[in-house]
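Trainee: Pasting a structure here, questions to come.
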Amino acid sequence: MLRNKSFVKRTRKGNIVRTVKEHYLRDDIICGTSSCAHPVCNASTQPKPLSPSPRDSIKWKRHYVVPDTNALVNHIDIFERPIINNVVVLSTVLDELRGLSMPTYTRVRAILRDEERAWFVFSNEHHRETFIERNADESPNDRNDRAIRTAVAWLTKHLKPLGITPVMVTNDEDNLRKASDVAACRMDELLGVYSEHPELPDMMGSVNITDRKSDDVWTGYDEHLSPVQVQAGLKGGLLVQGTLQIAPYNYLEGSVYATLPDGTEQRVLVVGRNDMNRAVQGDKVAVQIWPKAQWRNAPSTALVDEDEDKVPSVTEEPKKDDGGSAKRVRRADGSATKADKLDDPAALDTKLGEPTGHVVGIIRRNWRSYCAFLDPNFTTRNARASNAPTTVSVLAMDRRIPKIKIRTRQADSLAGQRFVVALDSWPRESRYPLGHFVRALGSAGDKATETEVLLLEHDVPFQPFTQRVREDLPAEGAAWTFDAERDQVV
């Protein structure tokens, strides 16, 4: 079936051209199940990785997992676990992933290439019975959600003779409410099927955790500017942009190399928790330059305490040196005090050396997975003894990264261990970023564990080669020797 969509547009030269897009809809697309008796699926020679005996559960019996885009973006660490198999990825979801998060798209593609994982791409956008047109008053996101529900409904009908139920996984409440005619659930409900893996719920993330306390005076960080406001500020010369580089032994002191409004390239210091405003090492940020009266004229005295939650936010009184000028002091939270008064205003530019600034927006995050360590002193005895979800603070091995709050049921087993965590978000109400547990590495101090930590932190690939790569090796294996005649080397 051929569908045409035509529209007119104006070229850069001002010419009006008519564009016609052809969309071919087919009825010979298979479902991917190896035991499907449907004539189309039975006659096809395409790979059918889905197992006829998937995981069984009380609620859905034998079922396949059909995640939507948000589920893959937010929980890709869980889907990468080998236990999550027999997954149907819709072409609608892949197209959304490509535009929304290229790293996640690449990771999903890597799983699809692994034949042992039993993942299958169902081309619902090219199937005659699952393709849908976008309604006039419908947003692209709503249309894609409806396309996912339509595809799941078709798969439900198609797989019914086999006794297999496709289950749509989503954390979108609106999408979940509209999926009343198909099997659908949230991610936490799906993980209940894998009760033998208690570490999976810890990998969901902690997007709703805050660390506000009744006796805390913390009022939160400043709101970030919107992308439109950031671009307008950059064009107007009110803001500068650059990559935030954190001091190796003081994560409360960073700098950004940027072009100032006068055209000179200079280092802009960003000192203190408030001025960094939830930016971490490697983030591309937009910075507002403070007035020259607030530029730095002395080495930083920002505090780096091992447990900053207990550090009071009290401003110290400035001390005066012999020259009569007030020394620059900082609050315990790392933010700068008001401008220092100089005896000689004409010497302002010479005494105040490097400019300082305040992060007002994040242009691009540079978050990655971090190797971390849970200090037993950071957790209470009750938290370690209970299996209930507990919020704990972990220390990244990279000292440029602030403490990360995660929610876990295995605080006791993680104490004294090296493990991998991933960042999820950093709400303005939280002093520290929120993340989730990814996987354990081993005991701290163990030679193999510390070696793996070094390789991970420096991004050195060391994963085992795939079966396809190993098949290209010589049959002799480790006993292979060089033979010039056999290998045709002159």
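Labels for the structure tokens follow display order: chains A, B, ..., residues from 1 in each chain, ligands from 1.
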So which residues touch Ala372 in chain A within 6 Å, counting only C-alpha atoms, skipping near sequence neighbours fewer than 3 positions away, as a PyMOL selection string?
Mentor: chain A and resi 395-397+418-420
Trainee: Extract, using only C-alpha atoms, all DNA, RNA and protein residues at most 9 Å from Gly435 in chain A, discarding same-chain residues fewer than 2 positions from it, and format them as JSON, numbers by chain.
Mentor: {"A": [203, 204, 205, 206, 207, 404, 405, 406, 407, 421, 422, 423, 424, 425, 426, 433, 437]}
Trainee: Now that the selection is made, can you save its residues with N, CA, C and O atoms as a short mmCIF file (atom, residue, chain, number, x, y, z; two decimals), in the first residue's frame?
Mentor:
```
data_model
loop_
_atom_site.label_atom_id
_atom_site.label_comp_id
_atom_site.auth_asym_id
_atom_site.auth_seq_id
_atom_site.Cartn_x
_atom_site.Cartn_y
_atom_site.Cartn_z
N MET A 203 17.96 0.39 40.84
CA MET A 203 18.44 1.00 39.60
C MET A 203 17.39 1.88 38.94
O MET A 203 17.64 2.44 37.88
N MET A 204 16.24 2.02 39.58
CA MET A 204 15.18 2.83 38.97
C MET A 204 15.45 4.32 39.08
O MET A 204 14.92 5.11 38.32
N GLY A 205 16.26 4.72 40.04
CA GLY A 205 16.52 6.14 40.21
C GLY A 205 15.76 6.70 41.39
O GLY A 205 14.89 6.07 41.97
N SER A 206 16.10 7.95 41.73
CA SER A 206 15.51 8.60 42.89
C SER A 206 15.01 9.97 42.52
O SER A 206 15.42 10.97 43.07
N VAL A 207 14.15 10.03 41.54
CA VAL A 207 13.73 11.31 40.99
C VAL A 207 12.85 12.10 41.94
O VAL A 207 12.64 13.29 41.75
N ILE A 404 26.56 11.93 45.91
CA ILE A 404 25.38 11.54 45.13
C ILE A 404 24.42 10.80 46.06
O ILE A 404 24.83 9.88 46.78
N LYS A 405 23.17 11.21 46.05
CA LYS A 405 22.16 10.54 46.87
C LYS A 405 21.47 9.47 46.04
O LYS A 405 20.98 9.75 44.94
N ILE A 406 21.43 8.26 46.57
CA ILE A 406 20.74 7.16 45.90
C ILE A 406 19.78 6.52 46.90
O ILE A 406 19.93 6.67 48.12
N ARG A 407 18.81 5.84 46.37
CA ARG A 407 17.84 5.11 47.20
C ARG A 407 18.06 3.62 46.97
O ARG A 407 18.00 3.16 45.82
N VAL A 421 27.34 4.05 39.89
CA VAL A 421 26.08 4.79 40.00
C VAL A 421 25.93 5.68 38.78
O VAL A 421 26.91 6.02 38.11
N ALA A 422 24.71 6.06 38.49
CA ALA A 422 24.41 6.97 37.38
C ALA A 422 23.55 8.10 37.92
O ALA A 422 22.70 7.89 38.80
N LEU A 423 23.75 9.30 37.40
CA LEU A 423 22.98 10.47 37.81
C LEU A 423 21.65 10.49 37.07
O LEU A 423 21.58 10.21 35.88
N ASP A 424 20.59 10.86 37.79
CA ASP A 424 19.26 10.98 37.22
C ASP A 424 18.83 12.43 37.07
O ASP A 424 18.35 12.84 36.02
N SER A 425 18.97 13.21 38.12
CA SER A 425 18.51 14.60 38.10
C SER A 425 19.17 15.33 39.26
O SER A 425 19.83 14.74 40.12
N TRP A 426 18.97 16.64 39.25
CA TRP A 426 19.44 17.47 40.35
C TRP A 426 18.39 18.55 40.58
O TRP A 426 18.50 19.65 40.06
N PRO A 433 23.15 15.94 43.81
CA PRO A 433 22.43 15.27 42.71
C PRO A 433 21.85 13.93 43.15
O PRO A 433 22.34 13.30 44.10
N PHE A 437 21.71 3.18 41.73
CA PHE A 437 22.71 2.11 41.68
C PHE A 437 22.64 1.39 40.33
O PHE A 437 21.55 1.12 39.82
#
```
Trainee: Range 172-272 of chain A: which residues are strand (DSSP E or B) by DSSP, as a list in words?
Mentor: Ala183, Ala184, Cys185, Val240, Gln241, Gly242, Thr243, Leu244, Gln245, Ile246, Ala247, Asn250, Tyr251, Leu252, Glu253, Gly254, Ser255, Val256, Tyr257, Ala258, Thr259, Glu265, Gln266, Arg267, Val268, Leu269, Val270 and Val271 of chain A
Trainee: Please extract the residues of range 112-209 of chain A with a backbone DSSP assignment of helix (DSSP H, G or I) and present them as a ChimeraX atom specification.
Mentor: /A:112-113,115-117,124-126,140-162,173-178,187-194,201-204
Trainee: How would the residues just picked look written out with C-alpha atoms as a compact mmCIF listing (two decimals), in the first residue's frame?
Mentor:
```txt
# COMPACT_ATOMS: atom_id res chain seq x y z
CA LEU A 112 19.48 -5.51 19.54
CA ARG A 113 22.66 -6.79 17.88
CA GLU A 115 21.41 -12.46 19.52
CA GLU A 116 21.40 -13.94 23.02
CA ARG A 117 19.23 -11.12 24.40
CA ASN A 124 4.92 -0.69 13.32
CA GLU A 125 5.38 2.52 11.31
CA HIS A 126 5.47 0.46 8.09
CA PRO A 140 3.77 14.66 17.94
CA ASN A 141 4.30 13.11 21.39
CA ASP A 142 0.61 12.23 21.76
CA ARG A 143 0.56 10.76 18.26
CA ASN A 144 3.58 8.56 19.07
CA ASP A 145 1.98 7.39 22.32
CA ARG A 146 -1.16 6.46 20.40
CA ALA A 147 0.96 4.63 17.82
CA ILE A 148 2.59 2.60 20.60
CA ARG A 149 -0.79 1.64 22.05
CA THR A 150 -2.07 0.71 18.58
CA ALA A 151 0.94 -1.54 17.98
CA VAL A 152 0.56 -3.22 21.36
CA ALA A 153 -3.14 -3.83 20.65
CA TRP A 154 -2.29 -5.47 17.31
CA LEU A 155 0.42 -7.63 18.93
CA THR A 156 -2.05 -8.67 21.63
CA LYS A 157 -4.47 -9.93 19.01
CA HIS A 158 -1.74 -11.49 16.90
CA LEU A 159 -0.08 -13.40 19.79
CA LYS A 160 -3.29 -14.53 21.49
CA PRO A 161 -3.24 -18.02 19.85
CA LEU A 162 0.21 -18.55 21.39
CA GLU A 173 0.42 8.50 33.64
CA ASP A 174 -1.60 9.83 30.70
CA ASN A 175 -0.37 7.09 28.37
CA LEU A 176 -1.03 4.48 31.06
CA ARG A 177 -4.58 5.73 31.60
CA LYS A 178 -5.39 5.61 27.90
CA MET A 187 8.40 0.15 35.54
CA ASP A 188 8.30 -0.65 39.25
CA GLU A 189 5.40 -3.04 38.68
CA LEU A 190 7.33 -4.85 35.96
CA LEU A 191 10.34 -5.27 38.25
CA GLY A 192 8.09 -7.09 40.71
CA VAL A 193 8.20 -10.01 38.25
CA TYR A 194 11.97 -10.23 38.80
CA PRO A 201 14.51 -1.61 42.10
CA ASP A 202 17.65 0.25 43.25
CA MET A 203 18.44 1.00 39.60
CA MET A 204 15.18 2.83 38.97
```
Trainee: For Glu457 in chain A, find every residue with an atom within 8 Å (counting only C-alpha atoms), except residues of its own chain fewer than 4 positions away, and show them as an MDAnalysis selection string.
Mentor: chainID A and resid 370:371 398 453
Trainee: How many Å lie between CA of Val93 in chain A and CA of Asp459 in chain A, rounded to one decimal?
Mentor: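 That distance, rounded to one decimal, is 28.5 Å.
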Trainee: Using only C-alpha atoms, which of the listed residues (A:Pro103, A:Pro355, A:Pro67, A:Gly272) sits closest to Ile246 in chain A?
Mentor: A:Gly272
Trainee: Between A:Leu456, A:Ala110, A:Val285, A:Leu441, which one has atoms that come closest to Leu225 in chain A, using only C-alpha atoms?
Mentor: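 For Leu225 in chain A, the nearest of the candidates is A:Val285.
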Trainee: Excluding range 234-243 of chain A and any residue of its chain fewer than 6 positions from it, enumerate the residues within 6 Å of it, using only C-alpha atoms, and give them as a count of residues only.
Mentor: 11
Trainee: CA of Ala183 in chain A and CA of Ile29 in chain A are how many Å apart?
Mentor: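 CA of Ala183 in chain A sits 22.3 Å away from CA of Ile29 in chain A.
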Trainee: Just how far from CA of Thr33 in chain A is CA of Pro47 in chain A, in Å to one decimal?
Mentor: 9.1 Å
Trainee: Of the candidates A:Ile84, A:Val121, A:Ala232, A:Val66, which one gets nearest to Gly32 in chain A if we count only C-alpha atoms?
Mentor: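 Result for the nearest residue to Gly32 in chain A: A:Val121.
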Trainee: From the options A:His38, A:Pro427, A:Asp77, A:Arg470, which residue's atoms come nearest to Arg368 in chain A, counting only C-alpha atoms?
Mentor: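 For Arg368 in chain A, the nearest of the given residues is A:Asp77.
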